[in-house]
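This is query_25.txt. It holds compact mmCIF, C-alpha atoms (C1' of nucleotides).
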```
# COMPACT_ATOMS: atom_id res chain seq x y z
CA MET L 137 44.50 -18.47 -43.26
CA LYS L 138 44.42 -21.13 -45.90
CA THR L 139 42.25 -23.70 -44.25
CA THR L 140 38.78 -23.43 -45.63
CA CYS L 141 37.57 -26.34 -43.58
CA HIS L 142 37.47 -25.60 -39.89
CA THR L 143 37.52 -29.01 -38.32
CA ARG L 144 38.31 -29.36 -34.68
CA GLU L 145 41.61 -30.92 -35.62
CA ASN L 146 42.61 -27.94 -37.70
CA MET L 147 41.65 -25.74 -34.81
CA ALA L 148 43.94 -27.66 -32.49
CA ASP L 149 46.80 -27.22 -34.95
CA LEU L 150 46.07 -23.54 -35.28
CA LEU L 151 46.17 -23.11 -31.53
CA ARG L 152 49.42 -25.04 -31.23
CA GLN L 153 50.98 -22.88 -33.92
CA ARG L 154 50.32 -19.87 -31.77
CA GLY L 155 51.58 -21.46 -28.61
CA VAL L 156 48.17 -22.08 -27.12
CA ASN L 157 47.55 -25.35 -25.38
CA PRO L 158 44.58 -26.77 -27.28
CA THR L 159 42.16 -27.75 -24.58
CA HIS L 160 38.69 -28.93 -25.30
CA GLN L 161 37.07 -25.59 -24.48
CA ARG L 162 39.56 -23.58 -26.47
CA ILE L 163 39.02 -25.76 -29.50
CA GLU L 164 35.28 -25.34 -29.23
CA ILE L 165 35.56 -21.59 -28.95
CA ALA L 166 37.97 -21.39 -31.87
CA HIS L 167 35.66 -23.59 -33.87
CA VAL L 168 32.70 -21.37 -33.22
CA LEU L 169 34.65 -18.26 -34.15
CA PHE L 170 36.23 -19.56 -37.32
CA SER L 171 33.40 -21.65 -38.67
CA HIS L 172 31.01 -18.73 -38.42
CA GLY L 173 33.63 -16.50 -39.99
CA GLN L 174 31.69 -13.62 -38.65
CA HIS L 175 31.88 -10.98 -35.99
CA LEU L 176 30.68 -12.42 -32.72
CA SER L 177 30.27 -10.88 -29.31
CA ALA L 178 31.49 -12.67 -26.22
CA ASP L 179 27.91 -13.40 -25.36
CA GLN L 180 27.18 -14.98 -28.72
CA VAL L 181 30.28 -17.12 -28.40
CA LEU L 182 29.13 -18.24 -24.98
CA ASN L 183 25.72 -19.20 -26.29
CA LEU L 184 26.98 -20.94 -29.39
CA VAL L 185 29.55 -22.94 -27.49
CA ASN L 186 26.95 -24.09 -25.02
CA GLN L 187 24.41 -25.04 -27.67
CA ARG L 188 26.17 -28.37 -27.80
CA SER L 189 25.93 -30.11 -24.49
CA PRO L 190 29.11 -29.52 -22.50
CA GLU L 191 28.70 -26.30 -20.63
CA THR L 192 31.53 -23.84 -20.84
CA SER L 193 31.64 -21.17 -18.22
CA ARG L 194 31.44 -17.48 -18.90
CA ALA L 195 34.80 -16.94 -17.27
CA THR L 196 36.44 -19.38 -19.64
CA VAL L 197 34.95 -17.73 -22.68
CA TYR L 198 36.30 -14.37 -21.59
CA ASN L 199 39.66 -15.80 -20.63
CA THR L 200 39.95 -17.60 -23.92
CA LEU L 201 38.91 -14.68 -26.04
CA ASN L 202 41.49 -12.50 -24.34
CA LEU L 203 44.08 -15.20 -24.79
CA PHE L 204 43.28 -15.46 -28.49
CA LEU L 205 43.49 -11.71 -28.73
CA GLU L 206 46.90 -11.69 -27.13
CA LYS L 207 48.12 -14.42 -29.43
CA GLY L 208 46.83 -12.65 -32.50
CA LEU L 209 44.25 -15.26 -33.36
CA VAL L 210 41.38 -12.82 -33.35
CA ARG L 211 40.91 -9.11 -33.48
CA GLU L 212 38.75 -6.92 -31.34
CA VAL L 213 36.34 -4.57 -33.05
CA ILE L 214 34.80 -1.92 -30.88
CA VAL L 215 31.90 -0.17 -32.46
CA ASP L 216 29.63 1.02 -29.75
CA ALA L 217 29.63 1.52 -26.06
CA GLY L 218 29.65 -1.91 -24.52
CA LYS L 219 29.66 -3.69 -27.86
CA VAL L 220 32.82 -5.60 -28.54
CA PHE L 221 33.03 -8.03 -31.41
CA TYR L 222 35.70 -10.62 -32.02
CA ASP L 223 36.77 -10.88 -35.60
CA PRO L 224 38.51 -14.05 -36.78
CA ASN L 225 39.80 -12.12 -39.78
CA THR L 226 43.16 -10.80 -38.59
CA ILE L 227 44.20 -9.36 -41.94
CA PRO L 228 44.13 -5.56 -41.63
CA HIS L 229 40.76 -4.34 -42.73
CA HIS L 230 38.09 -1.88 -41.77
CA HIS L 231 34.39 -1.91 -41.13
CA PHE L 232 31.02 -0.56 -41.99
CA TYR L 233 28.79 -0.44 -38.96
CA ASP L 234 25.06 -0.09 -39.31
CA VAL L 235 24.10 1.83 -36.20
CA VAL L 236 20.48 0.75 -36.47
CA SER L 237 20.75 -2.96 -37.10
CA GLY L 238 24.12 -3.35 -35.42
CA LYS L 239 25.43 -5.21 -38.43
CA LEU L 240 29.14 -5.14 -39.10
CA THR L 241 30.59 -5.51 -42.60
CA ASP L 242 34.21 -5.89 -43.60
CA ILE L 243 36.00 -3.46 -45.85
CA ASP L 244 39.10 -4.82 -47.48
CA SER L 245 41.92 -2.47 -46.64
CA ALA L 246 44.02 -3.39 -49.65
CA ASP L 247 42.86 -0.45 -51.74
CA ILE L 248 42.50 1.97 -48.91
CA ALA L 249 45.02 4.65 -48.18
CA ILE L 250 44.90 7.29 -45.54
CA THR L 251 46.93 10.33 -46.43
CA GLY L 252 47.77 13.48 -44.59
CA LEU L 253 48.21 11.94 -41.18
CA PRO L 254 50.38 13.96 -38.86
CA PRO L 255 53.53 12.31 -37.52
CA LEU L 256 53.11 10.14 -34.49
CA PRO L 257 53.64 11.77 -31.13
CA ASP L 258 57.10 11.33 -29.70
CA GLY L 259 58.08 7.96 -28.37
CA VAL L 260 55.13 5.93 -29.46
CA VAL L 261 54.61 3.29 -32.10
CA THR L 262 51.47 2.41 -33.97
CA GLU L 263 49.63 -0.59 -32.76
CA GLY L 264 46.79 -0.48 -35.22
CA VAL L 265 44.50 1.73 -37.20
CA ASP L 266 40.77 1.33 -36.92
CA VAL L 267 38.46 2.89 -39.42
CA ILE L 268 34.78 2.55 -38.72
CA ILE L 269 32.24 4.01 -41.09
CA ARG L 270 28.97 4.44 -39.32
CA VAL L 271 25.98 4.12 -41.61
CA ARG L 272 22.25 4.09 -41.18
CA PRO L 273 19.36 3.06 -43.46
CA GLN L 274 18.49 5.84 -45.85
CA THR L 275 14.79 6.03 -45.13
CA ALA L 276 15.06 6.01 -41.37
CA MET I 36 33.12 27.55 -31.46
CA LYS I 37 34.30 31.10 -31.29
CA THR I 38 33.98 31.77 -27.62
CA THR I 39 37.36 31.35 -26.04
CA CYS I 40 36.03 32.25 -22.63
CA HIS I 41 33.65 29.67 -21.26
CA THR I 42 31.73 31.59 -18.68
CA ARG I 43 28.54 30.17 -17.36
CA GLU I 44 26.66 32.87 -19.21
CA ASN I 45 28.17 31.87 -22.51
CA MET I 46 27.25 28.31 -21.72
CA ALA I 47 23.65 29.30 -21.19
CA ASP I 48 23.60 31.06 -24.53
CA LEU I 49 25.16 28.08 -26.21
CA LEU I 50 22.51 25.79 -24.78
CA ARG I 51 19.72 28.11 -25.81
CA GLN I 52 21.07 28.25 -29.35
CA ARG I 53 20.68 24.51 -29.54
CA GLY I 54 17.24 24.47 -28.07
CA VAL I 55 18.28 23.21 -24.67
CA ASN I 56 16.71 24.74 -21.63
CA PRO I 57 19.70 26.03 -19.68
CA THR I 58 19.20 24.71 -16.20
CA HIS I 59 21.75 25.04 -13.48
CA GLN I 60 23.01 21.48 -13.80
CA ARG I 61 23.21 21.62 -17.57
CA ILE I 62 25.23 24.80 -17.41
CA GLU I 63 27.61 23.24 -14.92
CA ILE I 64 28.08 20.18 -17.07
CA ALA I 65 28.61 22.24 -20.21
CA HIS I 66 31.06 24.40 -18.34
CA VAL I 67 33.06 21.40 -17.21
CA LEU I 68 33.14 19.96 -20.72
CA PHE I 69 34.05 23.11 -22.56
CA SER I 70 36.41 24.69 -20.10
CA HIS I 71 38.46 21.53 -19.90
CA GLY I 72 38.38 21.30 -23.67
CA GLN I 73 39.38 17.74 -23.28
CA HIS I 74 37.94 14.29 -23.67
CA LEU I 75 36.08 13.38 -20.53
CA SER I 76 34.28 10.25 -19.52
CA ALA I 77 30.85 10.40 -17.95
CA ASP I 78 32.43 9.50 -14.68
CA GLN I 79 34.95 12.30 -14.84
CA VAL I 80 32.20 14.75 -15.63
CA LEU I 81 30.26 13.53 -12.64
CA ASN I 82 33.23 13.99 -10.36
CA LEU I 83 34.22 17.38 -11.71
CA VAL I 84 30.71 18.74 -11.49
CA ASN I 85 30.42 17.62 -7.91
CA GLN I 86 33.76 19.01 -6.87
CA ARG I 87 31.94 22.25 -6.29
CA SER I 88 29.35 21.88 -3.61
CA PRO I 89 25.96 21.32 -5.22
CA GLU I 90 25.63 17.63 -5.85
CA THR I 91 24.46 16.59 -9.25
CA SER I 92 23.14 13.09 -9.61
CA ARG I 93 24.57 10.45 -11.84
CA ALA I 94 21.28 10.15 -13.70
CA THR I 95 21.35 13.82 -14.58
CA VAL I 96 24.88 13.63 -15.89
CA TYR I 97 23.96 10.76 -18.16
CA ASN I 98 20.72 12.39 -19.23
CA THR I 99 22.49 15.62 -19.98
CA LEU I 100 25.36 14.07 -21.86
CA ASN I 101 22.92 12.18 -24.05
CA LEU I 102 20.92 15.32 -24.57
CA PHE I 103 24.03 17.24 -25.61
CA LEU I 104 24.91 14.39 -27.94
CA GLU I 105 21.51 14.54 -29.57
CA LYS I 106 21.73 18.28 -29.98
CA GLY I 107 25.19 18.10 -31.48
CA LEU I 108 26.91 19.90 -28.66
CA VAL I 109 29.35 17.12 -28.01
CA ARG I 110 30.62 14.06 -29.78
CA GLU I 111 31.03 10.56 -28.50
CA VAL I 112 34.40 8.89 -28.93
CA ILE I 113 34.52 5.17 -28.33
CA VAL I 114 38.00 3.81 -28.03
CA ASP I 115 37.86 0.82 -25.79
CA ALA I 116 35.39 -1.58 -24.37
CA GLY I 117 33.39 0.35 -21.86
CA LYS I 118 35.30 3.56 -22.39
CA VAL I 119 33.25 6.34 -23.84
CA PHE I 120 34.60 9.85 -23.97
CA TYR I 121 32.66 12.99 -24.68
CA ASP I 122 34.44 15.41 -26.93
CA PRO I 123 33.41 19.07 -26.94
CA ASN I 124 35.12 19.44 -30.29
CA THR I 125 32.37 18.70 -32.80
CA ILE I 126 34.40 19.56 -35.87
CA PRO I 127 35.13 16.33 -37.75
CA HIS I 128 38.44 15.01 -36.57
CA HIS I 129 40.16 11.81 -35.62
CA HIS I 130 42.14 10.48 -32.71
CA PHE I 131 45.31 8.95 -31.47
CA TYR I 132 44.63 6.64 -28.59
CA ASP I 133 47.42 5.55 -26.30
CA VAL I 134 46.34 2.08 -25.28
CA VAL I 135 48.62 2.09 -22.26
CA SER I 136 47.94 5.46 -20.69
CA GLY I 137 44.44 5.79 -22.10
CA LYS I 138 45.27 9.24 -23.39
CA LEU I 139 43.32 10.55 -26.35
CA THR I 140 44.76 13.13 -28.75
CA ASP I 141 43.01 14.95 -31.55
CA ILE I 142 44.02 14.70 -35.16
CA ASP I 143 42.77 17.48 -37.34
CA SER I 144 40.90 15.90 -40.21
CA ALA I 145 41.42 18.82 -42.57
CA ASP I 146 44.47 17.32 -44.21
CA ILE I 147 43.36 13.74 -44.03
CA ALA I 148 41.93 11.92 -46.97
CA ILE I 149 40.84 8.33 -47.12
CA THR I 150 40.94 6.93 -50.62
CA GLY I 151 39.91 3.64 -52.09
CA LEU I 152 36.80 3.13 -50.04
CA PRO I 153 34.27 0.82 -51.61
CA PRO I 154 30.84 2.26 -52.36
CA LEU I 155 28.38 2.23 -49.51
CA PRO I 156 26.10 -0.76 -49.29
CA ASP I 157 22.70 -0.24 -50.87
CA GLY I 158 20.20 1.98 -49.15
CA VAL I 159 22.37 3.38 -46.41
CA VAL I 160 23.88 6.77 -45.78
CA THR I 161 27.00 7.67 -43.91
CA GLU I 162 26.54 8.91 -40.43
CA GLY I 163 30.18 9.42 -39.59
CA VAL I 164 33.67 8.13 -40.06
CA ASP I 165 35.81 7.32 -37.09
CA VAL I 166 39.51 6.83 -37.42
CA ILE I 167 41.35 5.74 -34.34
CA ILE I 168 45.07 5.18 -34.42
CA ARG I 169 46.07 3.01 -31.54
CA VAL I 170 49.56 3.69 -30.29
CA ARG I 171 51.70 2.49 -27.43
CA PRO I 172 54.91 3.75 -25.82
CA GLN I 173 57.92 2.62 -27.79
CA THR I 174 59.90 1.13 -24.98
CA ALA I 175 57.11 -0.94 -23.52
C1' DC E 102 -5.25 27.83 -7.12
C1' DC E 103 -5.02 23.70 -9.74
C1' DC E 104 -3.00 21.25 -13.35
C1' DT E 105 0.49 20.05 -16.54
C1' DT E 106 5.10 19.86 -18.08
C1' DC E 107 9.73 19.61 -17.40
C1' DG E 108 13.95 18.63 -14.76
C1' DT E 109 16.23 16.36 -11.00
C1' DT E 110 16.98 12.82 -7.68
C1' DA E 111 17.92 8.37 -5.24
C1' DG E 112 17.85 3.98 -5.62
C1' DA E 113 16.81 -0.25 -7.97
C1' DC E 114 18.09 -2.60 -11.81
C1' DA E 115 20.64 -4.60 -15.96
C1' DA E 116 24.57 -5.86 -18.90
C1' DA E 117 29.37 -6.75 -19.55
C1' DG E 118 33.31 -8.18 -17.74
C1' DT E 119 36.77 -9.44 -13.94
C1' DC E 120 38.29 -11.71 -9.79
C1' DC E 121 38.80 -15.39 -6.65
C1' DA E 122 38.84 -19.67 -4.24
C1' DG E 123 38.21 -24.38 -5.11
C1' DG E 124 38.76 -28.36 -7.65
C1' DG E 125 40.12 -31.23 -11.47
C1' DT E 126 43.75 -33.18 -14.72
C1' DG E 127 48.05 -34.32 -16.53
C1' DC E 128 52.96 -34.93 -15.88
C1' DG E 129 57.49 -35.53 -14.07
C1' DT E 130 59.94 -37.50 -10.12
C1' DC E 131 60.83 -40.36 -6.66
C1' DG R 122 51.77 -45.80 -7.17
C1' DA R 123 52.19 -41.34 -4.50
C1' DC R 124 53.53 -36.79 -4.37
C1' DG R 125 54.02 -32.11 -6.03
C1' DC R 126 53.41 -28.80 -9.52
C1' DA R 127 51.58 -26.30 -13.24
C1' DC R 128 47.82 -25.39 -15.80
C1' DC R 129 43.02 -25.03 -16.73
C1' DC R 130 38.06 -24.71 -15.75
C1' DT R 131 34.23 -23.46 -12.80
C1' DG R 132 30.57 -21.01 -10.15
C1' DG R 133 29.70 -17.22 -7.83
C1' DA R 134 30.65 -12.83 -6.02
C1' DC R 135 31.95 -8.52 -7.36
C1' DT R 136 32.76 -4.12 -10.16
C1' DT R 137 31.75 -0.92 -13.60
C1' DT R 138 28.89 1.54 -16.70
C1' DG R 139 24.75 2.91 -17.79
C1' DT R 140 19.39 2.87 -17.77
C1' DC R 141 14.83 2.91 -15.60
C1' DT R 142 11.37 4.27 -12.36
C1' DA R 143 8.75 6.58 -9.02
C1' DA R 144 8.58 10.60 -6.43
C1' DC R 145 9.31 15.35 -5.84
C1' DG R 146 9.83 20.34 -6.90
C1' DA R 147 9.59 24.49 -9.75
C1' DA R 148 7.42 27.23 -13.58
C1' DG R 149 3.67 28.66 -16.32
C1' DG R 150 -1.12 28.88 -18.07
C1' DG R 151 -5.86 28.81 -17.33
```

Could you render the structure from this file as structure tokens?
Amino acid sequence: MKTTCHTRENMADLLRQRGVNPTHQRIEIAHVLFSHGQHLSADQVLNLVNQRSPETSRATVYNTLNLFLEKGLVREVIVDAGKVFYDPNTIPHHHFYDVVSGKLTDIDSADIAITGLPPLPDGVVTEGVDVIIRVRPQTA
Amino acid sequence: MKTTCHTRENMADLLRQRGVNPTHQRIEIAHVLFSHGQHLSADQVLNLVNQRSPETSRATVYNTLNLFLEKGLVREVIVDAGKVFYDPNTIPHHHFYDVVSGKLTDIDSADIAITGLPPLPDGVVTEGVDVIIRVRPQTA
DNA sequence: CCCTTCGTTAGACAAAGTCCAGGGTGCGTC
DNA sequence: GACGCACCCTGGACTTTGTCTAACGAAGGG
């Protein structure tokens, strides 16, 4: 991810690179995700996309987010029951999750090492490692 | 957890130890959780409890599971959107999660060390660390 | 015996997400 | 230009998971 400027044109290119037909709605959704650079829920994406006039349906938002997921454009971060966030940062990294405020913060995984893991069960391959550190305000 | 035999009497004692009034339904739910010794969803608990005759309501299952959670009798494991499992093993440990079959396997955390973590953000304390290793069958 | 507290229940409700049938739109072919 | 086809979007119905509420019953204390 080298593009610091997330114009709609760049978004279209990005989608094409990943074999996604860059339709108007998909570009808008990608734009919302990447220009915020933050962890958004499907609902937030839906609202943000529809803040500008042209209504995008809920079904399309879900379809598109799943498509992006499949194509490796975004990552899913699951922190709480019924709380899924979509993370435009696809570089492996982990998260702090404030259980009170619901705020999610990235942890760069470059320096992190997990040692002592047992071997994988037979016949499976790793798909990903999620580390979530649940925190809460000290005084609460 | 020393009791290897999860009789209903032991369950009642266990509940009392944690300050939970051991009602019939709560004992049944605890029995299901601990005798299976496995990760169960709320729905599975509901079904298993009602396999025997006396019907227990959905509300009670949810109430009870949340109560157990609060009292530290069980742990919540969140692996997928809308998939919450209740784990009777409250010793800190981590999980393999087979994204295809949905099977959850414990990883003893005794040998595991995570190094290189950045310091916690200001004014927060750790509530827990979840490590989930997502795996999938090799041949898929 | 009344009153209060606690636990349970059924059903209504809410949130998140999926499914489906219908209707564009664009494109290649004739 | 007309047709057929593939793809995409849409609204609405539906499903799943979980919570809320009002009513009821049992236990205990005065």

Selection: 8 Å around Val112 (chain I), all atoms listed in the file, excl. self and same-chain fewer than 6 positions, as a list in words:
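Skipping anything fewer than 6 positions along the chain leaves Val119, Phe120, Tyr121 and Asp122 of chain I.
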
Those residues you just picked out, can you put them in a file as a tab-separated table (two decimals), keeping the file's coordinate frame with C-alpha atoms?
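Final output, again33.tsv:
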```tsv
chain	number	residue	atom	x	y	z
I	119	VAL	CA	33.25	6.34	-23.84
I	120	PHE	CA	34.60	9.85	-23.97
I	121	TYR	CA	32.66	12.99	-24.68
I	122	ASP	CA	34.44	15.41	-26.93
```

Least-squares fit of chain L onto chain I (C-alpha, ordered pairing) as a short mmCIF file (atom, residue, chain, number, x, y, z; two decimals) with C-alpha atoms, keeping the file's coordinate frame:
```cif
data_model
loop_
_atom_site.label_atom_id
_atom_site.label_comp_id
_atom_site.auth_asym_id
_atom_site.auth_seq_id
_atom_site.Cartn_x
_atom_site.Cartn_y
_atom_site.Cartn_z
CA MET L 137 33.08 27.70 -31.68
CA LYS L 138 34.37 31.21 -31.39
CA THR L 139 34.00 31.79 -27.70
CA THR L 140 37.34 31.34 -26.06
CA CYS L 141 35.97 32.25 -22.68
CA HIS L 142 33.59 29.68 -21.31
CA THR L 143 31.61 31.60 -18.76
CA ARG L 144 28.41 30.17 -17.45
CA GLU L 145 26.53 32.83 -19.33
CA ASN L 146 28.07 31.82 -22.62
CA MET L 147 27.18 28.26 -21.82
CA ALA L 148 23.55 29.21 -21.30
CA ASP L 149 23.53 30.95 -24.68
CA LEU L 150 25.14 27.97 -26.33
CA LEU L 151 22.50 25.67 -24.91
CA ARG L 152 19.68 27.96 -25.99
CA GLN L 153 21.09 28.09 -29.50
CA ARG L 154 20.73 24.35 -29.69
CA GLY L 155 17.26 24.30 -28.25
CA VAL L 156 18.29 23.07 -24.84
CA ASN L 157 16.67 24.59 -21.81
CA PRO L 158 19.64 25.91 -19.84
CA THR L 159 19.07 24.60 -16.36
CA HIS L 160 21.58 24.96 -13.62
CA GLN L 161 22.87 21.40 -13.94
CA ARG L 162 23.14 21.53 -17.70
CA ILE L 163 25.12 24.74 -17.52
CA GLU L 164 27.50 23.22 -15.01
CA ILE L 165 28.02 20.14 -17.13
CA ALA L 166 28.56 22.20 -20.27
CA HIS L 167 30.98 24.38 -18.37
CA VAL L 168 33.00 21.43 -17.22
CA LEU L 169 33.13 19.97 -20.71
CA PHE L 170 34.04 23.13 -22.56
CA SER L 171 36.35 24.74 -20.06
CA HIS L 172 38.46 21.60 -19.87
CA GLY L 173 38.39 21.37 -23.65
CA GLN L 174 39.41 17.81 -23.25
CA HIS L 175 38.03 14.34 -23.60
CA LEU L 176 36.14 13.43 -20.46
CA SER L 177 34.36 10.28 -19.45
CA ALA L 178 30.92 10.42 -17.90
CA ASP L 179 32.49 9.55 -14.60
CA GLN L 180 34.98 12.40 -14.77
CA VAL L 181 32.19 14.80 -15.62
CA LEU L 182 30.24 13.57 -12.63
CA ASN L 183 33.19 14.09 -10.33
CA LEU L 184 34.14 17.47 -11.69
CA VAL L 185 30.61 18.78 -11.51
CA ASN L 186 30.29 17.68 -7.93
CA GLN L 187 33.62 19.14 -6.86
CA ARG L 188 31.74 22.36 -6.33
CA SER L 189 29.12 21.94 -3.68
CA PRO L 190 25.75 21.29 -5.31
CA GLU L 191 25.47 17.61 -5.92
CA THR L 192 24.35 16.53 -9.34
CA SER L 193 23.06 13.04 -9.67
CA ARG L 194 24.57 10.38 -11.86
CA ALA L 195 21.33 10.02 -13.76
CA THR L 196 21.35 13.69 -14.66
CA VAL L 197 24.89 13.56 -15.92
CA TYR L 198 24.04 10.66 -18.20
CA ASN L 199 20.80 12.23 -19.33
CA THR L 200 22.51 15.50 -20.06
CA LEU L 201 25.42 13.99 -21.91
CA ASN L 202 23.04 12.06 -24.12
CA LEU L 203 21.00 15.18 -24.66
CA PHE L 204 24.10 17.13 -25.67
CA LEU L 205 25.04 14.31 -27.97
CA GLU L 206 21.66 14.39 -29.63
CA LYS L 207 21.83 18.13 -30.05
CA GLY L 208 25.29 17.98 -31.53
CA LEU L 209 26.97 19.81 -28.70
CA VAL L 210 29.45 17.06 -28.02
CA ARG L 211 30.75 14.02 -29.78
CA GLU L 212 31.18 10.53 -28.48
CA VAL L 213 34.55 8.88 -28.86
CA ILE L 214 34.67 5.18 -28.23
CA VAL L 215 38.12 3.81 -27.89
CA ASP L 216 37.98 0.79 -25.70
CA ALA L 217 35.47 -1.56 -24.28
CA GLY L 218 33.53 0.38 -21.71
CA LYS L 219 35.47 3.58 -22.28
CA VAL L 220 33.41 6.35 -23.76
CA PHE L 221 34.73 9.87 -23.90
CA TYR L 222 32.78 13.01 -24.63
CA ASP L 223 34.56 15.41 -26.89
CA PRO L 224 33.48 19.06 -26.92
CA ASN L 225 35.24 19.46 -30.26
CA THR L 226 32.50 18.71 -32.78
CA ILE L 227 34.55 19.61 -35.84
CA PRO L 228 35.30 16.38 -37.72
CA HIS L 229 38.59 15.05 -36.54
CA HIS L 230 40.27 11.83 -35.57
CA HIS L 231 42.24 10.49 -32.68
CA PHE L 232 45.40 8.93 -31.45
CA TYR L 233 44.74 6.61 -28.56
CA ASP L 234 47.53 5.48 -26.31
CA VAL L 235 46.41 2.02 -25.25
CA VAL L 236 48.73 2.03 -22.25
CA SER L 237 48.10 5.41 -20.71
CA GLY L 238 44.59 5.77 -22.08
CA LYS L 239 45.42 9.22 -23.36
CA LEU L 240 43.47 10.55 -26.30
CA THR L 241 44.92 13.10 -28.73
CA ASP L 242 43.15 14.94 -31.51
CA ILE L 243 44.17 14.68 -35.13
CA ASP L 244 42.96 17.49 -37.30
CA SER L 245 41.07 15.95 -40.17
CA ALA L 246 41.61 18.86 -42.53
CA ASP L 247 44.57 17.29 -44.29
CA ILE L 248 43.38 13.75 -44.05
CA ALA L 249 41.85 11.91 -46.94
CA ILE L 250 40.69 8.37 -47.08
CA THR L 251 40.72 6.96 -50.58
CA GLY L 252 39.62 3.70 -52.04
CA LEU L 253 36.53 3.25 -49.93
CA PRO L 254 33.94 1.00 -51.48
CA PRO L 255 30.51 2.49 -52.17
CA LEU L 256 28.10 2.51 -49.29
CA PRO L 257 25.75 -0.43 -49.01
CA ASP L 258 22.35 0.13 -50.53
CA GLY L 259 19.94 2.40 -48.76
CA VAL L 260 22.17 3.78 -46.09
CA VAL L 261 23.75 7.15 -45.50
CA THR L 262 26.94 7.98 -43.68
CA GLU L 263 26.56 9.23 -40.20
CA GLY L 264 30.21 9.66 -39.41
CA VAL L 265 33.66 8.30 -39.92
CA ASP L 266 35.82 7.43 -36.97
CA VAL L 267 39.50 6.87 -37.36
CA ILE L 268 41.35 5.75 -34.27
CA ILE L 269 45.06 5.13 -34.39
CA ARG L 270 46.06 2.94 -31.52
CA VAL L 271 49.58 3.57 -30.31
CA ARG L 272 51.72 2.34 -27.49
CA PRO L 273 55.00 3.57 -25.95
CA GLN L 274 57.95 2.36 -27.96
CA THR L 275 59.92 0.80 -25.15
CA ALA L 276 57.06 -1.10 -23.59
#
```

Kindly assemble as a tab-separated table a list of the chain E residues that lie within 10 Å of chain L, each paired with its nearest atom pair and their distance in Å to one decimal, using only C-alpha atoms (C1' of nucleotides), sorted first by chain and then by ascending residue number.
```
residue	atom	partner	partner_atom	distance
E:DA116	C1'	L:Gly218	CA	8.5
E:DA117	C1'	L:Gly218	CA	6.9
E:DG118	C1'	L:Tyr198	CA	7.9
E:DT119	C1'	L:Ala195	CA	8.4
E:DC120	C1'	L:Ala195	CA	9.8
```

Please tabulate, as a Markdown table, the residues of chain I that come within 7 Å of chain L, each with its closest pair of atoms and the distance in Å to one decimal, counting only C-alpha atoms and ordering rows by chain, then residue number upward.
```
| residue | atom | partner | partner_atom | distance |
| --- | --- | --- | --- | --- |
| I:Ile113 | CA | L:Ala217 | CA | 6.5 |
| I:Asp115 | CA | L:Ile214 | CA | 6.5 |
| I:Ala116 | CA | L:Gly218 | CA | 5.8 |
| I:Gly117 | CA | L:Gly218 | CA | 5.1 |
| I:Val119 | CA | L:Ala217 | CA | 6.4 |
| I:Asp146 | CA | L:Gly252 | CA | 5.1 |
| I:Ile147 | CA | L:Gly252 | CA | 4.5 |
| I:Ala148 | CA | L:Thr251 | CA | 5.3 |
| I:Ile149 | CA | L:Ile250 | CA | 4.5 |
| I:Thr150 | CA | L:Ala249 | CA | 5.3 |
| I:Gly151 | CA | L:Ile248 | CA | 4.4 |
| I:Leu152 | CA | L:Ile248 | CA | 5.9 |
| I:Gly158 | CA | L:Gln274 | CA | 5.4 |
| I:Val159 | CA | L:Pro273 | CA | 4.2 |
| I:Val160 | CA | L:Val271 | CA | 5.4 |
| I:Thr161 | CA | L:Val271 | CA | 4.4 |
| I:Glu162 | CA | L:Val271 | CA | 5.0 |
| I:Gly163 | CA | L:Arg270 | CA | 5.1 |
| I:Val164 | CA | L:Ile269 | CA | 4.5 |
| I:Asp165 | CA | L:Ile268 | CA | 5.1 |
| I:Val166 | CA | L:Val267 | CA | 4.5 |
| I:Ile167 | CA | L:Asp266 | CA | 5.1 |
| I:Ile168 | CA | L:Val265 | CA | 4.5 |
| I:Arg169 | CA | L:Gly264 | CA | 5.1 |
| I:Val170 | CA | L:Thr262 | CA | 4.3 |
| I:Arg171 | CA | L:Val260 | CA | 5.3 |
| I:Pro172 | CA | L:Val260 | CA | 4.2 |
| I:Gln173 | CA | L:Val260 | CA | 4.6 |
```

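Among the candidates L:Thr159, L:Asn202, L:Thr226, L:Asn186, the one nearest to Glu145 (chain L) when counting only C-alpha atoms is L:Thr159.
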
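Our summary of the geometry notes that CA of Arg211 (chain L) is positioned 27.6 Å from C1' of DC135 (chain R).
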
From the list E:DA115, E:DC128, E:DC107, E:DA122, which residue is nearest Val55 (chain I) when using all atoms listed in the file?
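That would be E:DC107, the residue with the smallest distance to Val55 (chain I).
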
Which value, in Å to one decimal, gives the distance between CA of Thr200 (chain L) and CA of Arg162 (chain L)?
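These atoms are spaced 6.5 Å apart.
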
For DT109 (chain E), list every protein, DNA or RNA residue within 9 Å, evaluated using only C-alpha atoms (C1' of nucleotides), and leave out those in the same chain fewer than 5 positions away; present the list as a list in words.
Gln60, Thr91, Ser92, Ala94 and Thr95 of chain I; DC145 and DG146 of chain R

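In this model, the gap between CA of Leu184 (chain L) and C1' of DG133 (chain R) comes to 22.0 Å.
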
Quick one: which residues from chain R are at most 10 Å off chain I, using all atoms listed in the file, as a list in words?
DT137, DT138, DG139, DT140 and DC141 of chain R

Choose the residue, out of R:DT136, R:DC128, R:DT142, R:DG151, that has the smallest atom-to-atom separation from DG112 (chain E); count all atoms listed in the file.
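Closest residue, counting all atoms listed in the file: R:DT142.
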
Residue nearest Met46 (chain I) among I:Leu75, I:Leu68, I:Val80, I:Leu139 (counting only C-alpha atoms)
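Comparing I:Leu75, I:Leu68, I:Val80, I:Leu139 against Met46 (chain I), the winner is I:Leu68.
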